[in-house]
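For reference, the structure discussed in these notes is given below.
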Amino acid sequence: MKLHLLIPGLFWPETKRTEVYSDLSLPALERILAKSHYTESRSQAIEEWLCQAFGVSKQQDWPVAPIMLHIDGTDAEQTRNEYWLRADPVHLRIENNHILMADSQIFTISLKESMQFAEILNQYFNKSGIFFLPLYPDRWYVRINKTPNLQTRLLSETVGKNINNLLPAGEDSSIWHNIFNEIQMLLHDHQLNQEREARGELAINSIWFWGGGIMPQVIRSTFNQVWCDHAFAHALAVASGIAHYPLPHDATVWQHSTGPNNQLVILDTLWGKTQYKNIYEWRQSLSSLEHSWFTPLLEAMRQGKISQLTITALNENHIRNFVMTPSSLWKFWVRTKSLSNYAK
């Protein structure tokens with residue numbers, strides 16, 4: 001059986017801060033990495049990596065919205081040739097000359113609230129041909145009658161960052177910049193946000209447009225099974241007809257449930273911690289992965305239950321790929337080294 005682990009945020013993005021690895025006990029992970037064949041490639045967001053893994057080509061954007069629609073409750077055939085954008089609720093905060101963006105990882109919003117916010121926006125934009133559709137509390141969509149000349153940035157690329165230089169580009173970008181500004185003015189002091197702030201919750205004071213496109217004709221992958229809690233990976237698996245399952249608690253449970261196939265497992269608990277620079281929780285999550293995944297997987301490699309283990313670590317700087325086989329364990333001349341050595 002071949003296993004591919006996709007782990008966004010395995011390495012801390014600030015490469016000079018090696019102290020974040022201090023006193024972390026990661027013997028299994030460090031042994032796996034030391035015994036693996038190592039390569040690097042250019043940085044990719046998780047959605048881009050997944051699109052390429054499932055044979056999805058980039059349109060103007062990576063077409064996240066139309067693919068996600070089909071697990072969020074719309075008819076696949078009815079929307080197949082329509083252009084859709086994700087339009088997710090976000091919180092913006094101004095610091096000095098920067099506008100920082102936060103997504104639903106750090107705020108909560110109910111479906112009722114989402115529908116109320118969407119109704120406000122739809123009343124305002126009803127003559128513009130823009131209709132907001134909140135199918136999930138934090139996953140909204142916009143259908144565009146005519147495909148715009150527009151390139152957007154993935155939400156995962158913009159979280160926790162200054163968005164001044166990350167706004168949509170293209171011939172129609174000025175239109176969407178105006179829409180973006182109008183939404184902020186409309187929501188800034190709205191009663192719904194006043195009620196949220198009175199409850200100690202972050203205001204929903206903007207919408208992030210991203211992942212636009214038309215449903216691809218073909219979606220396929222070399223993976224036979226996908227295990228994850230990542231919504232977009234789940235949607236790709238559904239669209240390609242691949243068996244997909246929620247992420248098990250640990251590798252031992254996974255081994256008892258899986259078959260002798262080419263498996264993709266996405267461990268993304270570290271990702272949000274790196275986006276929001278939460279070192280303490282990142283260290284805790286990494287230690288948890290050591291015990292629940294890396295230690296039992298190393299033992300499975302020793303027993304020959306896994307014929308190839310690939311770890312793909314995504315972050316803002318570049319992608320690190322580690323490929324290990326059972327014979328790699330015989331490389332007695334290769335010494336293990338601290339995780340911080342790979343992060344430089």
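In the structure tokens, chains take the letters A, B, ... in the order shown, each chain's residues start at 1, and ligands count up from 1 in the order shown.
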- Task: Find the spatial neighbours of segment 42-53 of chain A, counting only C-alpha atoms, within a cut-off of 7 Å - ignore same-chain residues fewer than 5 positions away - and output them as a PyMOL selection string.
- Result: chain A and resi 62+156-157+221+233+314-319
Export of the given selection (N, CA and C atoms) as a compact mmCIF listing (two decimals), in the first residue's frame:
# COMPACT_ATOMS: atom_id res chain seq x y z
N TRP A 62 -8.27 29.03 -9.79
CA TRP A 62 -8.51 27.61 -9.53
C TRP A 62 -10.00 27.49 -9.21
N SER A 156 -7.09 30.92 1.38
CA SER A 156 -6.01 30.39 2.22
C SER A 156 -4.70 31.16 2.02
N GLU A 157 -4.57 31.88 0.90
CA GLU A 157 -3.37 32.68 0.65
C GLU A 157 -3.43 34.04 1.33
N SER A 221 -8.03 11.29 -10.45
CA SER A 221 -6.80 11.26 -9.68
C SER A 221 -6.25 9.84 -9.63
N ALA A 233 -11.09 19.00 -0.57
CA ALA A 233 -10.61 17.66 -0.93
C ALA A 233 -11.77 16.68 -0.98
N LEU A 314 3.39 21.57 2.88
CA LEU A 314 3.12 22.85 2.22
C LEU A 314 3.33 24.00 3.19
N ASN A 315 3.94 25.07 2.72
CA ASN A 315 3.92 26.32 3.46
C ASN A 315 4.12 27.48 2.51
N GLU A 316 4.26 28.68 3.05
CA GLU A 316 4.31 29.88 2.23
C GLU A 316 5.58 29.97 1.38
N ASN A 317 6.64 29.30 1.80
CA ASN A 317 7.93 29.49 1.15
C ASN A 317 8.16 28.50 0.01
N HIS A 318 7.96 27.23 0.26
CA HIS A 318 8.08 26.22 -0.78
C HIS A 318 7.48 24.91 -0.29
N ILE A 319 7.45 23.92 -1.17
CA ILE A 319 6.94 22.60 -0.83
C ILE A 319 8.13 21.68 -0.58
- Give me every alpha helix (DSSP H) residue in segment 220-251 of chain A, going by DSSP on the backbone, as a list in words. Ala231, Phe232, Ala233, His234, Ala235, Leu236, Ala237, Val238, Ala239, Ser240 and Ala251 of chain A
Please, could you write that set of residues out with C-alpha atoms as an mmCIF file, in the first residue's frame?
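Final output, part_14.cif:
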data_model
loop_
_atom_site.group_PDB
_atom_site.id
_atom_site.type_symbol
_atom_site.label_atom_id
_atom_site.label_comp_id
_atom_site.auth_asym_id
_atom_site.auth_seq_id
_atom_site.Cartn_x
_atom_site.Cartn_y
_atom_site.Cartn_z
ATOM 1 C CA ALA A 231 -14.051 20.314 2.509
ATOM 2 C CA PHE A 232 -12.477 20.987 -0.894
ATOM 3 C CA ALA A 233 -10.610 17.659 -0.927
ATOM 4 C CA HIS A 234 -13.898 15.985 -0.049
ATOM 5 C CA ALA A 235 -15.602 17.755 -2.965
ATOM 6 C CA LEU A 236 -12.872 16.672 -5.402
ATOM 7 C CA ALA A 237 -13.177 13.075 -4.229
ATOM 8 C CA VAL A 238 -16.943 13.165 -4.740
ATOM 9 C CA ALA A 239 -16.581 14.702 -8.205
ATOM 10 C CA SER A 240 -14.015 12.098 -9.253
ATOM 11 C CA ALA A 251 -3.069 6.009 12.111
#
- Task: Would you mind writing down, as a PyMOL selection string, each residue of segment 252-299 of chain A that DSSP on the backbone assigns to strand (DSSP E)?
- Result: chain A and resi 262-266
Can I get the residues of segment 132-197 of chain A within 12 Å of segment 271-290 of chain A, each with the closest pair of atoms and their distance in Å to one decimal, using only C-alpha atoms, sorted chain first then ascending number, as a tab-separated table?
residue	atom	partner	partner_atom	distance
A:Leu155	CA	A:Gln275	CA	11.2
A:Ser156	CA	A:Gln275	CA	8.4
A:Glu157	CA	A:Gln275	CA	8.9
A:Thr158	CA	A:Gln275	CA	9.0
A:Val159	CA	A:Gln275	CA	6.4
A:Gly160	CA	A:Tyr276	CA	5.7
A:Lys161	CA	A:Gln275	CA	8.4
Would you write out, as a tab-separated table, a table of all residues in segment 42-130 of chain A that have an atom no more than 8 Å from an atom of segment 163-178 of chain A, listing for each the closest atom pair and the distance in Å to one decimal, considering only C-alpha atoms and ordering rows by chain and rising residue number?
residue	atom	partner	partner_atom	distance
A:His98	CA	A:Asn164	CA	7.0
A:Ile99	CA	A:Ile163	CA	5.8
A:Leu100	CA	A:Ile163	CA	6.3
A:Met101	CA	A:Ile163	CA	7.0
Residues just named, written with N, CA and C atoms as a PDB file, in the first residue's frame:
ATOM      1  N   HIS A  98      -2.061  48.708   7.176  1.00  0.00           N
ATOM      2  CA  HIS A  98      -2.405  47.380   6.698  1.00  0.00           C
ATOM      3  C   HIS A  98      -3.874  47.064   6.982  1.00  0.00           C
ATOM      4  N   ILE A  99      -4.448  46.272   6.071  1.00  0.00           N
ATOM      5  CA  ILE A  99      -5.781  45.715   6.302  1.00  0.00           C
ATOM      6  C   ILE A  99      -5.604  44.212   6.431  1.00  0.00           C
ATOM      7  N   LEU A 100      -5.775  43.691   7.638  1.00  0.00           N
ATOM      8  CA  LEU A 100      -5.573  42.271   7.907  1.00  0.00           C
ATOM      9  C   LEU A 100      -6.910  41.547   7.858  1.00  0.00           C
ATOM     10  N   MET A 101      -6.890  40.329   7.306  1.00  0.00           N
ATOM     11  CA  MET A 101      -8.131  39.583   7.129  1.00  0.00           C
ATOM     12  C   MET A 101      -8.134  38.310   7.966  1.00  0.00           C
TER      13      MET A 101
END
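With only C-alpha atoms as the basis for measurement, A:Thr39 is the residue among A:Ser25, A:Ser292, A:Thr39, A:Thr79 that approaches Ala313 of chain A most closely.
The interatomic distance for the pair atom CA of Ser114 of chain A and atom CA of Gln191 of chain A works out to 13.8 Å.
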